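J.: Below is target_0.pdb; it holds PDB, C-alpha atoms, pLDDT in the B column.
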```pdb
ATOM      1  CA  MET U   3      75.706 130.668 131.612  1.00 76.00           C
ATOM      2  CA  ARG U   4      76.569 134.017 133.108  1.00 82.00           C
ATOM      3  CA  ASP U   5      79.882 133.967 131.303  1.00 90.00           C
ATOM      4  CA  ARG U   6      78.073 133.231 128.040  1.00 91.00           C
ATOM      5  CA  ILE U   7      75.710 136.183 128.460  1.00 93.00           C
ATOM      6  CA  LEU U   8      78.636 138.474 129.296  1.00 95.00           C
ATOM      7  CA  LYS U   9      80.412 137.414 126.121  1.00 96.00           C
ATOM      8  CA  LEU U  10      77.246 137.899 124.054  1.00 96.00           C
ATOM      9  CA  ALA U  11      76.896 141.362 125.627  1.00 96.00           C
ATOM     10  CA  GLU U  12      80.457 142.154 124.576  1.00 96.00           C
ATOM     11  CA  ILE U  13      79.680 141.054 121.024  1.00 97.00           C
ATOM     12  CA  GLY U  14      76.507 143.162 121.012  1.00 97.00           C
ATOM     13  CA  THR U  15      78.309 146.226 122.324  1.00 97.00           C
ATOM     14  CA  LEU U  16      81.240 145.947 119.911  1.00 97.00           C
ATOM     15  CA  ALA U  17      79.031 145.197 116.900  1.00 96.00           C
ATOM     16  CA  GLY U  18      76.631 147.971 117.922  1.00 97.00           C
ATOM     17  CA  ALA U  19      79.440 150.526 118.112  1.00 97.00           C
ATOM     18  CA  PHE U  20      80.856 149.399 114.759  1.00 96.00           C
ATOM     19  CA  SER U  21      77.416 149.482 113.196  1.00 97.00           C
ATOM     20  CA  GLY U  22      76.447 152.865 114.642  1.00 96.00           C
ATOM     21  CA  LEU U  23      79.763 154.379 113.596  1.00 97.00           C
ATOM     22  CA  PHE U  24      79.847 153.074 110.026  1.00 96.00           C
ATOM     23  CA  GLY U  25      76.242 152.370 109.017  1.00 95.00           C
ATOM     24  CA  VAL U  26      76.961 148.719 108.239  1.00 93.00           C
ATOM     25  CA  GLY U  27      75.545 145.595 109.824  1.00 88.00           C
ATOM     26  CA  GLY U  28      78.387 144.576 112.090  1.00 89.00           C
ATOM     27  CA  GLY U  29      78.721 141.051 110.731  1.00 88.00           C
ATOM     28  CA  THR U  30      82.452 141.734 110.382  1.00 87.00           C
ATOM     29  CA  VAL U  31      82.554 141.800 114.187  1.00 91.00           C
ATOM     30  CA  ILE U  32      79.853 139.260 115.083  1.00 93.00           C
ATOM     31  CA  VAL U  33      80.764 136.348 112.792  1.00 90.00           C
ATOM     32  CA  PRO U  34      84.412 135.863 113.851  1.00 91.00           C
ATOM     33  CA  LEU U  35      83.590 136.319 117.564  1.00 94.00           C
ATOM     34  CA  LEU U  36      80.797 133.713 117.459  1.00 94.00           C
ATOM     35  CA  ILE U  37      83.259 131.348 115.783  1.00 93.00           C
ATOM     36  CA  PHE U  38      86.138 131.981 118.207  1.00 93.00           C
ATOM     37  CA  TRP U  39      84.223 132.244 121.495  1.00 95.00           C
ATOM     38  CA  PHE U  40      81.401 129.763 120.959  1.00 94.00           C
ATOM     39  CA  ALA U  41      82.840 127.424 118.316  1.00 93.00           C
ATOM     40  CA  TYR U  42      80.039 128.263 115.886  1.00 92.00           C
ATOM     41  CA  GLY U  43      80.344 126.897 112.347  1.00 89.00           C
ATOM     42  CA  GLU U  44      80.623 129.542 109.650  1.00 84.00           C
ATOM     43  CA  ARG U  45      77.057 129.140 108.326  1.00 85.00           C
ATOM     44  CA  LEU U  46      75.442 129.222 111.777  1.00 91.00           C
ATOM     45  CA  ALA U  47      77.578 132.243 112.676  1.00 91.00           C
ATOM     46  CA  THR U  48      76.514 134.084 109.516  1.00 88.00           C
ATOM     47  CA  GLY U  49      72.798 133.291 109.974  1.00 90.00           C
ATOM     48  CA  THR U  50      72.801 134.200 113.648  1.00 94.00           C
ATOM     49  CA  SER U  51      74.696 137.392 112.870  1.00 93.00           C
ATOM     50  CA  LEU U  52      72.014 138.344 110.310  1.00 92.00           C
ATOM     51  CA  ALA U  53      69.292 137.929 112.926  1.00 94.00           C
ATOM     52  CA  ALA U  54      71.186 140.092 115.442  1.00 96.00           C
ATOM     53  CA  ILE U  55      71.727 142.729 112.729  1.00 95.00           C
ATOM     54  CA  VAL U  56      67.955 143.145 112.287  1.00 95.00           C
ATOM     55  CA  LEU U  57      67.800 144.520 115.844  1.00 96.00           C
ATOM     56  CA  ILE U  58      71.106 146.390 115.728  1.00 97.00           C
ATOM     57  CA  GLY U  59      70.230 148.073 112.420  1.00 96.00           C
ATOM     58  CA  LEU U  60      66.801 149.145 113.654  1.00 97.00           C
ATOM     59  CA  LEU U  61      68.280 150.501 116.899  1.00 97.00           C
ATOM     60  CA  GLY U  62      70.957 152.383 114.962  1.00 97.00           C
ATOM     61  CA  ALA U  63      68.473 153.859 112.508  1.00 97.00           C
ATOM     62  CA  ALA U  64      66.191 154.856 115.403  1.00 98.00           C
ATOM     63  CA  ALA U  65      69.067 156.581 117.215  1.00 97.00           C
ATOM     64  CA  GLN U  66      70.329 158.330 114.075  1.00 97.00           C
ATOM     65  CA  GLY U  67      66.822 159.409 113.136  1.00 97.00           C
ATOM     66  CA  GLY U  68      65.528 160.234 116.610  1.00 96.00           C
ATOM     67  CA  LEU U  69      68.571 162.070 117.978  1.00 97.00           C
ATOM     68  CA  TYR U  70      69.997 163.659 114.845  1.00 97.00           C
ATOM     69  CA  GLY U  71      67.331 163.493 112.112  1.00 96.00           C
ATOM     70  CA  ASN U  72      69.820 161.831 109.752  1.00 97.00           C
ATOM     71  CA  VAL U  73      67.633 159.087 108.253  1.00 97.00           C
ATOM     72  CA  HIS U  74      66.168 159.680 104.789  1.00 97.00           C
ATOM     73  CA  LEU U  75      63.193 157.415 105.420  1.00 97.00           C
ATOM     74  CA  VAL U  76      61.534 157.338 101.992  1.00 96.00           C
ATOM     75  CA  THR U  77      64.849 156.924 100.148  1.00 96.00           C
ATOM     76  CA  GLY U  78      65.866 154.120 102.523  1.00 96.00           C
ATOM     77  CA  LEU U  79      62.561 152.280 102.143  1.00 97.00           C
ATOM     78  CA  LEU U  80      62.555 152.623  98.342  1.00 96.00           C
ATOM     79  CA  LEU U  81      66.195 151.527  97.950  1.00 96.00           C
ATOM     80  CA  SER U  82      65.507 148.556 100.229  1.00 96.00           C
ATOM     81  CA  ILE U  83      63.338 147.058  97.490  1.00 96.00           C
ATOM     82  CA  PRO U  84      66.187 146.409  94.989  1.00 96.00           C
ATOM     83  CA  ALA U  85      68.457 145.472  97.904  1.00 95.00           C
ATOM     84  CA  ILE U  86      65.994 142.809  99.096  1.00 95.00           C
ATOM     85  CA  GLY U  87      65.584 141.636  95.486  1.00 95.00           C
ATOM     86  CA  GLY U  88      69.385 141.287  95.397  1.00 93.00           C
ATOM     87  CA  ILE U  89      69.642 139.181  98.540  1.00 91.00           C
ATOM     88  CA  VAL U  90      66.789 136.890  97.462  1.00 90.00           C
ATOM     89  CA  LEU U  91      68.442 136.356  94.068  1.00 91.00           C
ATOM     90  CA  GLY U  92      71.889 135.936  95.631  1.00 87.00           C
ATOM     91  CA  THR U  93      70.672 133.334  98.127  1.00 82.00           C
ATOM     92  CA  ALA U  94      68.848 131.437  95.359  1.00 84.00           C
ATOM     93  CA  ILE U  95      71.835 131.162  93.011  1.00 86.00           C
ATOM     94  CA  GLN U  96      74.504 130.843  95.705  1.00 77.00           C
ATOM     95  CA  GLN U  97      74.983 127.104  95.172  1.00 75.00           C
ATOM     96  CA  ARG U  98      75.285 127.390  91.399  1.00 82.00           C
ATOM     97  CA  ILE U  99      78.076 129.902  90.974  1.00 81.00           C
ATOM     98  CA  SER U 100      81.798 130.039  91.699  1.00 82.00           C
ATOM     99  CA  GLN U 101      82.254 131.605  95.132  1.00 79.00           C
ATOM    100  CA  ARG U 102      85.820 132.468  94.244  1.00 85.00           C
ATOM    101  CA  ALA U 103      84.951 134.448  91.104  1.00 85.00           C
ATOM    102  CA  VAL U 104      82.118 136.324  92.823  1.00 85.00           C
ATOM    103  CA  SER U 105      84.243 137.130  95.885  1.00 86.00           C
ATOM    104  CA  LEU U 106      87.023 138.544  93.714  1.00 89.00           C
ATOM    105  CA  LEU U 107      84.518 140.528  91.643  1.00 88.00           C
ATOM    106  CA  PHE U 108      82.981 142.141  94.728  1.00 90.00           C
ATOM    107  CA  ALA U 109      86.425 142.777  96.205  1.00 91.00           C
ATOM    108  CA  ALA U 110      87.330 144.714  93.032  1.00 91.00           C
ATOM    109  CA  LEU U 111      84.096 146.702  93.287  1.00 90.00           C
ATOM    110  CA  LEU U 112      84.866 147.533  96.937  1.00 92.00           C
ATOM    111  CA  VAL U 113      88.391 148.702  96.091  1.00 94.00           C
ATOM    112  CA  ALA U 114      86.905 151.026  93.449  1.00 91.00           C
ATOM    113  CA  VAL U 115      84.469 152.361  96.075  1.00 90.00           C
ATOM    114  CA  ALA U 116      87.306 152.950  98.552  1.00 93.00           C
ATOM    115  CA  VAL U 117      89.372 154.847  95.972  1.00 93.00           C
ATOM    116  CA  GLN U 118      86.345 157.007  95.186  1.00 89.00           C
ATOM    117  CA  LEU U 119      85.985 157.781  98.912  1.00 89.00           C
ATOM    118  CA  ILE U 120      89.636 158.532  99.567  1.00 91.00           C
ATOM    119  CA  VAL U 121      90.253 160.786  96.556  1.00 88.00           C
ATOM    120  CA  PRO U 122      88.663 164.109  97.525  1.00 74.00           C
TER     121      PRO U 122
ATOM    122  CA  MET Q  14      70.367 158.313  85.658  1.00 78.00           C
ATOM    123  CA  ASP Q  15      71.882 158.705  89.108  1.00 86.00           C
ATOM    124  CA  GLU Q  16      68.737 157.231  90.656  1.00 90.00           C
ATOM    125  CA  LEU Q  17      69.071 154.218  88.371  1.00 92.00           C
ATOM    126  CA  LEU Q  18      72.725 153.737  89.372  1.00 91.00           C
ATOM    127  CA  ALA Q  19      71.774 154.003  93.067  1.00 93.00           C
ATOM    128  CA  ILE Q  20      69.159 151.282  92.518  1.00 94.00           C
ATOM    129  CA  LEU Q  21      71.705 149.067  90.755  1.00 92.00           C
ATOM    130  CA  VAL Q  22      74.330 149.474  93.483  1.00 91.00           C
ATOM    131  CA  ALA Q  23      71.711 148.787  96.191  1.00 92.00           C
ATOM    132  CA  ALA Q  24      70.730 145.597  94.341  1.00 94.00           C
ATOM    133  CA  ALA Q  25      74.427 144.667  94.089  1.00 91.00           C
ATOM    134  CA  GLY Q  26      74.736 145.185  97.850  1.00 90.00           C
ATOM    135  CA  GLY Q  27      71.860 142.796  98.507  1.00 91.00           C
ATOM    136  CA  LEU Q  28      73.269 140.343  95.970  1.00 90.00           C
ATOM    137  CA  ALA Q  29      76.654 140.411  97.721  1.00 86.00           C
ATOM    138  CA  GLY Q  30      74.918 139.664 101.016  1.00 83.00           C
ATOM    139  CA  GLY Q  31      73.141 136.654  99.548  1.00 81.00           C
ATOM    140  CA  LEU Q  32      76.118 135.340  97.595  1.00 82.00           C
ATOM    141  CA  VAL Q  33      79.166 135.885  99.774  1.00 77.00           C
ATOM    142  CA  GLY Q  34      77.700 136.931 103.131  1.00 71.00           C
ATOM    143  CA  VAL Q  35      79.298 140.373 103.169  1.00 72.00           C
ATOM    144  CA  GLY Q  36      76.651 142.804 104.337  1.00 67.00           C
ATOM    145  CA  GLY Q  37      75.272 145.275 101.866  1.00 85.00           C
ATOM    146  CA  GLY Q  38      76.093 148.287 104.038  1.00 90.00           C
ATOM    147  CA  VAL Q  39      79.508 148.779 102.478  1.00 92.00           C
ATOM    148  CA  LEU Q  40      77.716 149.294  99.146  1.00 92.00           C
ATOM    149  CA  PHE Q  41      74.534 151.017 100.390  1.00 95.00           C
ATOM    150  CA  VAL Q  42      76.461 153.903 101.936  1.00 95.00           C
ATOM    151  CA  PRO Q  43      78.423 154.852  98.780  1.00 93.00           C
ATOM    152  CA  ALA Q  44      75.261 154.387  96.656  1.00 92.00           C
ATOM    153  CA  LEU Q  45      73.592 157.028  98.830  1.00 95.00           C
ATOM    154  CA  THR Q  46      76.512 159.484  98.909  1.00 94.00           C
ATOM    155  CA  VAL Q  47      77.793 159.213  95.334  1.00 91.00           C
ATOM    156  CA  PHE Q  48      74.522 158.941  93.415  1.00 92.00           C
ATOM    157  CA  LEU Q  49      71.958 160.590  95.685  1.00 94.00           C
ATOM    158  CA  GLY Q  50      74.104 163.291  97.264  1.00 94.00           C
ATOM    159  CA  LEU Q  51      73.577 162.388 100.931  1.00 96.00           C
ATOM    160  CA  SER Q  52      76.307 163.347 103.418  1.00 95.00           C
ATOM    161  CA  GLN Q  53      78.406 160.505 104.859  1.00 96.00           C
ATOM    162  CA  VAL Q  54      76.535 160.414 108.177  1.00 97.00           C
ATOM    163  CA  GLU Q  55      73.103 160.689 106.503  1.00 97.00           C
ATOM    164  CA  ALA Q  56      74.024 157.847 104.157  1.00 97.00           C
ATOM    165  CA  GLU Q  57      75.206 155.693 107.074  1.00 97.00           C
ATOM    166  CA  SER Q  58      71.981 156.370 108.975  1.00 97.00           C
ATOM    167  CA  THR Q  59      69.781 155.529 105.999  1.00 97.00           C
ATOM    168  CA  SER Q  60      71.912 152.454 105.272  1.00 97.00           C
ATOM    169  CA  LEU Q  61      71.190 151.140 108.794  1.00 97.00           C
ATOM    170  CA  LEU Q  62      67.481 151.022 107.984  1.00 96.00           C
ATOM    171  CA  MET Q  63      68.200 149.178 104.715  1.00 96.00           C
ATOM    172  CA  VAL Q  64      70.599 146.787 106.444  1.00 95.00           C
ATOM    173  CA  ALA Q  65      67.921 145.886 109.018  1.00 96.00           C
ATOM    174  CA  LEU Q  66      65.282 145.192 106.350  1.00 95.00           C
ATOM    175  CA  VAL Q  67      67.648 143.168 104.163  1.00 95.00           C
ATOM    176  CA  ALA Q  68      68.887 141.205 107.198  1.00 94.00           C
ATOM    177  CA  LEU Q  69      65.268 140.410 108.098  1.00 94.00           C
ATOM    178  CA  VAL Q  70      64.724 138.758 104.717  1.00 93.00           C
ATOM    179  CA  GLY Q  71      68.134 137.053 104.915  1.00 90.00           C
ATOM    180  CA  THR Q  72      67.341 135.706 108.393  1.00 92.00           C
ATOM    181  CA  ALA Q  73      64.041 134.250 107.211  1.00 91.00           C
ATOM    182  CA  SER Q  74      65.731 132.319 104.416  1.00 86.00           C
ATOM    183  CA  GLN Q  75      68.695 131.177 106.562  1.00 87.00           C
ATOM    184  CA  ARG Q  76      66.309 129.999 109.249  1.00 90.00           C
ATOM    185  CA  ARG Q  77      64.804 127.490 106.847  1.00 90.00           C
ATOM    186  CA  TYR Q  78      68.239 125.862 106.605  1.00 86.00           C
ATOM    187  CA  GLY Q  79      68.600 125.804 110.397  1.00 90.00           C
ATOM    188  CA  ASN Q  80      71.416 128.361 110.262  1.00 89.00           C
ATOM    189  CA  VAL Q  81      70.083 130.751 112.920  1.00 94.00           C
ATOM    190  CA  ASN Q  82      70.449 130.543 116.708  1.00 96.00           C
ATOM    191  CA  LEU Q  83      67.635 132.955 117.518  1.00 96.00           C
ATOM    192  CA  ARG Q  84      68.332 132.969 121.248  1.00 96.00           C
ATOM    193  CA  ASP Q  85      71.933 134.069 120.953  1.00 96.00           C
ATOM    194  CA  ALA Q  86      70.975 136.560 118.218  1.00 97.00           C
ATOM    195  CA  ALA Q  87      68.287 138.058 120.456  1.00 97.00           C
ATOM    196  CA  VAL Q  88      70.738 138.425 123.356  1.00 97.00           C
ATOM    197  CA  VAL Q  89      73.371 140.058 121.127  1.00 97.00           C
ATOM    198  CA  GLY Q  90      70.788 142.449 119.670  1.00 96.00           C
ATOM    199  CA  ALA Q  91      69.121 143.221 123.000  1.00 97.00           C
ATOM    200  CA  LEU Q  92      72.468 144.023 124.650  1.00 96.00           C
ATOM    201  CA  SER Q  93      73.745 146.194 121.787  1.00 97.00           C
ATOM    202  CA  PRO Q  94      72.091 149.607 122.540  1.00 97.00           C
ATOM    203  CA  LEU Q  95      75.000 151.019 124.560  1.00 97.00           C
ATOM    204  CA  GLY Q  96      77.433 150.261 121.736  1.00 97.00           C
ATOM    205  CA  VAL Q  97      75.011 151.531 119.109  1.00 97.00           C
ATOM    206  CA  LEU Q  98      74.564 154.795 120.985  1.00 98.00           C
ATOM    207  CA  ILE Q  99      78.321 155.299 121.340  1.00 98.00           C
ATOM    208  CA  GLY Q 100      78.849 154.628 117.624  1.00 97.00           C
ATOM    209  CA  VAL Q 101      76.040 156.960 116.568  1.00 98.00           C
ATOM    210  CA  VAL Q 102      77.216 159.824 118.780  1.00 98.00           C
ATOM    211  CA  VAL Q 103      80.839 159.479 117.643  1.00 97.00           C
ATOM    212  CA  ALA Q 104      79.755 159.361 113.959  1.00 97.00           C
ATOM    213  CA  ASN Q 105      77.953 162.672 114.449  1.00 97.00           C
ATOM    214  CA  GLU Q 106      80.629 164.416 116.492  1.00 97.00           C
ATOM    215  CA  ILE Q 107      83.792 163.724 114.477  1.00 97.00           C
ATOM    216  CA  PRO Q 108      84.640 165.642 111.278  1.00 96.00           C
ATOM    217  CA  GLN Q 109      82.809 164.149 108.288  1.00 94.00           C
ATOM    218  CA  ARG Q 110      86.025 163.791 106.281  1.00 95.00           C
ATOM    219  CA  THR Q 111      87.501 161.667 109.085  1.00 96.00           C
ATOM    220  CA  LEU Q 112      84.370 159.523 109.151  1.00 96.00           C
ATOM    221  CA  GLU Q 113      84.565 159.123 105.374  1.00 95.00           C
ATOM    222  CA  LEU Q 114      88.209 158.007 105.509  1.00 96.00           C
ATOM    223  CA  CYS Q 115      87.530 155.546 108.344  1.00 96.00           C
ATOM    224  CA  PHE Q 116      84.608 154.169 106.332  1.00 96.00           C
ATOM    225  CA  ALA Q 117      86.941 153.738 103.338  1.00 96.00           C
ATOM    226  CA  ALA Q 118      89.214 151.663 105.604  1.00 96.00           C
ATOM    227  CA  VAL Q 119      86.227 149.458 106.544  1.00 94.00           C
ATOM    228  CA  VAL Q 120      85.438 148.984 102.836  1.00 93.00           C
ATOM    229  CA  LEU Q 121      89.060 148.013 102.109  1.00 94.00           C
ATOM    230  CA  PHE Q 122      89.024 145.548 105.007  1.00 92.00           C
ATOM    231  CA  ALA Q 123      85.857 143.939 103.610  1.00 90.00           C
ATOM    232  CA  ALA Q 124      87.621 143.639 100.221  1.00 92.00           C
ATOM    233  CA  TYR Q 125      90.624 142.041 101.930  1.00 92.00           C
ATOM    234  CA  GLN Q 126      88.387 139.508 103.697  1.00 87.00           C
ATOM    235  CA  LEU Q 127      86.757 138.570 100.388  1.00 88.00           C
ATOM    236  CA  VAL Q 128      90.107 138.091  98.638  1.00 92.00           C
ATOM    237  CA  ARG Q 129      91.481 136.042 101.526  1.00 89.00           C
ATOM    238  CA  ARG Q 130      88.432 133.802 101.494  1.00 83.00           C
ATOM    239  CA  ALA Q 131      88.506 133.455  97.699  1.00 84.00           C
ATOM    240  CA  LEU Q 132      92.141 132.358  97.784  1.00 87.00           C
ATOM    241  CA  SER Q 133      91.625 129.832 100.597  1.00 83.00           C
ATOM    242  CA  ASP Q 134      88.503 128.380  98.939  1.00 66.00           C
ATOM    243  CA  PRO Q 135      89.342 125.242  96.952  1.00 58.00           C
ATOM    244  CA  ALA Q 136      86.505 125.745  94.424  1.00 53.00           C
TER     245      ALA Q 136
END
```
Write out the structure in this file as structure tokens.

T.:
Amino acid sequence: MRDRILKLAEIGTLAGAFSGLFGVGGGTVIVPLLIFWFAYGERLATGTSLAAIVLIGLLGAAAQGGLYGNVHLVTGLLLSIPAIGGIVLGTAIQQRISQRAVSLLFAALLVAVAVQLIVP
Amino acid sequence: MDELLAILVAAAGGLAGGLVGVGGGVLFVPALTVFLGLSQVEAESTSLLMVALVALVGTASQRRYGNVNLRDAAVVGALSPLGVLIGVVVANEIPQRTLELCFAAVVLFAAYQLVRRALSDPA
């Protein structure tokens, strides 16, 4: 029990640092660790990670906003509307589309984003 | 025009989260810097708020399928503040160009994960 809580604390700390540093959820850290340390299945790991990210994201935004005044609140709230529309749509059609094609499409989009970031 | 593109990329970020489980943050941050002119650290900070709200909706729908262990999630979240604080302070103290390049590496890693999964997926 104690060992379990220690491991969960490690996951929280690592994911929190990753999230605070990069402004992303931290699922990249949480999902594989839940699978390796607690033998979670992939779906349970992803769902549980999402729930943890609600707290981690709010804490990160609070720290960024409270300590450094970095959060553009109105912009963030307004842009959350299409983002939430996207996740609702994505979850609804998830079963009906080719995961492979979509994964490759998003990978290509991410590579384009990375190039844009690296080229000054 | 730029506002419209920011909206589209934010929607794509949410869509990616729902479809392939990769969080929208990797797309929210560039949407905010490229189209709305926020600095890297401002975009990351604003993205965190969006990530939390999107994850809330995602959690609600995953919970219906029994895919959420709320207890473990609560412990992970409740024990994250030290890490969060470290990450936030470092993001603000290092040069912004360094932060931007490290973020680009995170984006490339997410792309790599997607490709790896796509190639190992039989369908």

J.: Starting from the shown file, work through the PyMOL selection byres ((chain Q and resi 120-122) around 9) and note down what comes out as a list in words.

T.: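 For this structure, the PyMOL selection byres ((chain Q and resi 120-122) around 9) resolves to Ala109, Leu112, Val113, Val115 and Ala116 of chain U; Val39, Leu40, Cys115, Phe116, Ala117, Ala118, Val119, Ala123, Ala124, Tyr125, Gln126 and Leu127 of chain Q.
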
J.: For the selection just defined, write its residues with C-alpha atoms to a file, as a compact mmCIF listing (two decimals), in the coordinates of the input.

T.:
```txt
# COMPACT_ATOMS: atom_id res chain seq x y z
CA ALA U 109 86.42 142.78 96.20
CA LEU U 112 84.87 147.53 96.94
CA VAL U 113 88.39 148.70 96.09
CA VAL U 115 84.47 152.36 96.08
CA ALA U 116 87.31 152.95 98.55
CA VAL Q 39 79.51 148.78 102.48
CA LEU Q 40 77.72 149.29 99.15
CA CYS Q 115 87.53 155.55 108.34
CA PHE Q 116 84.61 154.17 106.33
CA ALA Q 117 86.94 153.74 103.34
CA ALA Q 118 89.21 151.66 105.60
CA VAL Q 119 86.23 149.46 106.54
CA ALA Q 123 85.86 143.94 103.61
CA ALA Q 124 87.62 143.64 100.22
CA TYR Q 125 90.62 142.04 101.93
CA GLN Q 126 88.39 139.51 103.70
CA LEU Q 127 86.76 138.57 100.39
```

J.: What residues in chain Q have any atom no more than 6 Å from chain U when counting all atoms listed in the file, and can you write them as a PDB file with C-alpha atoms, in the frame of the given file?

T.:
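Generated output (out.pdb):
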```pdb
ATOM      1  CA  ALA Q  23      71.711 148.787  96.191  1.00 92.00           C
ATOM      2  CA  ALA Q  24      70.730 145.597  94.341  1.00 94.00           C
ATOM      3  CA  GLY Q  27      71.860 142.796  98.507  1.00 91.00           C
ATOM      4  CA  LEU Q  28      73.269 140.343  95.970  1.00 90.00           C
ATOM      5  CA  GLY Q  30      74.918 139.664 101.016  1.00 83.00           C
ATOM      6  CA  GLY Q  31      73.141 136.654  99.548  1.00 81.00           C
ATOM      7  CA  LEU Q  32      76.118 135.340  97.595  1.00 82.00           C
ATOM      8  CA  GLY Q  38      76.093 148.287 104.038  1.00 90.00           C
ATOM      9  CA  GLU Q  55      73.103 160.689 106.503  1.00 97.00           C
ATOM     10  CA  GLU Q  57      75.206 155.693 107.074  1.00 97.00           C
ATOM     11  CA  SER Q  58      71.981 156.370 108.975  1.00 97.00           C
ATOM     12  CA  THR Q  59      69.781 155.529 105.999  1.00 97.00           C
ATOM     13  CA  SER Q  60      71.912 152.454 105.272  1.00 97.00           C
ATOM     14  CA  LEU Q  61      71.190 151.140 108.794  1.00 97.00           C
ATOM     15  CA  LEU Q  62      67.481 151.022 107.984  1.00 96.00           C
ATOM     16  CA  MET Q  63      68.200 149.178 104.715  1.00 96.00           C
ATOM     17  CA  ALA Q  65      67.921 145.886 109.018  1.00 96.00           C
ATOM     18  CA  VAL Q  67      67.648 143.168 104.163  1.00 95.00           C
ATOM     19  CA  ALA Q  68      68.887 141.205 107.198  1.00 94.00           C
ATOM     20  CA  LEU Q  69      65.268 140.410 108.098  1.00 94.00           C
ATOM     21  CA  THR Q  72      67.341 135.706 108.393  1.00 92.00           C
ATOM     22  CA  GLN Q  75      68.695 131.177 106.562  1.00 87.00           C
ATOM     23  CA  ASN Q  80      71.416 128.361 110.262  1.00 89.00           C
ATOM     24  CA  VAL Q  81      70.083 130.751 112.920  1.00 94.00           C
ATOM     25  CA  ASN Q  82      70.449 130.543 116.708  1.00 96.00           C
ATOM     26  CA  ALA Q  86      70.975 136.560 118.218  1.00 97.00           C
ATOM     27  CA  VAL Q  89      73.371 140.058 121.127  1.00 97.00           C
ATOM     28  CA  GLY Q  90      70.788 142.449 119.670  1.00 96.00           C
ATOM     29  CA  LEU Q  92      72.468 144.023 124.650  1.00 96.00           C
ATOM     30  CA  SER Q  93      73.745 146.194 121.787  1.00 97.00           C
ATOM     31  CA  GLY Q  96      77.433 150.261 121.736  1.00 97.00           C
ATOM     32  CA  VAL Q  97      75.011 151.531 119.109  1.00 97.00           C
ATOM     33  CA  ILE Q  99      78.321 155.299 121.340  1.00 98.00           C
ATOM     34  CA  GLY Q 100      78.849 154.628 117.624  1.00 97.00           C
ATOM     35  CA  VAL Q 101      76.040 156.960 116.568  1.00 98.00           C
ATOM     36  CA  ALA Q 104      79.755 159.361 113.959  1.00 97.00           C
ATOM     37  CA  ALA Q 117      86.941 153.738 103.338  1.00 96.00           C
ATOM     38  CA  ALA Q 124      87.621 143.639 100.221  1.00 92.00           C
ATOM     39  CA  LEU Q 127      86.757 138.570 100.388  1.00 88.00           C
ATOM     40  CA  VAL Q 128      90.107 138.091  98.638  1.00 92.00           C
ATOM     41  CA  ALA Q 131      88.506 133.455  97.699  1.00 84.00           C
TER      42      ALA Q 131
END
```

J.: Quick check on the file I pasted: which residues fall under the PyMOL selection byres ((chain Q and resi 19) around 8)? Write them as a list in words.

T.: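 This file, filtered by the PyMOL selection byres ((chain Q and resi 19) around 8), leaves Leu81 of chain U; Asp15, Glu16, Leu17, Leu18, Ile20, Leu21, Val22, Ala23, Ala44, Leu45, Phe48 and Leu49 of chain Q.
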
J.: Report the distance between atom CA of Arg129 of chain Q and atom CA of Arg77 of chain Q in Å, rounded to one decimal place.

T.: 28.5 Å

J.: Tell me, in Å to one decimal, how far atom CA of Thr46 of chain Q is from atom CA of Val33 of chain U.

T.: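 Rounded to one decimal, the two atoms are 27.3 Å apart.
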
J.: I'd like the interatomic distance between atom CA of Asn105 of chain Q and atom CA of Gly68 of chain U, to a tenth of an Å.

T.: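 Computing it gives 12.8 Å between the two atoms.
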
J.: I'd like to know which of Q:Ile107, Q:Gly71, Q:Ser133, Q:Leu66 is closest to Gly34 of chain Q, using only C-alpha atoms.

T.: Q:Gly71
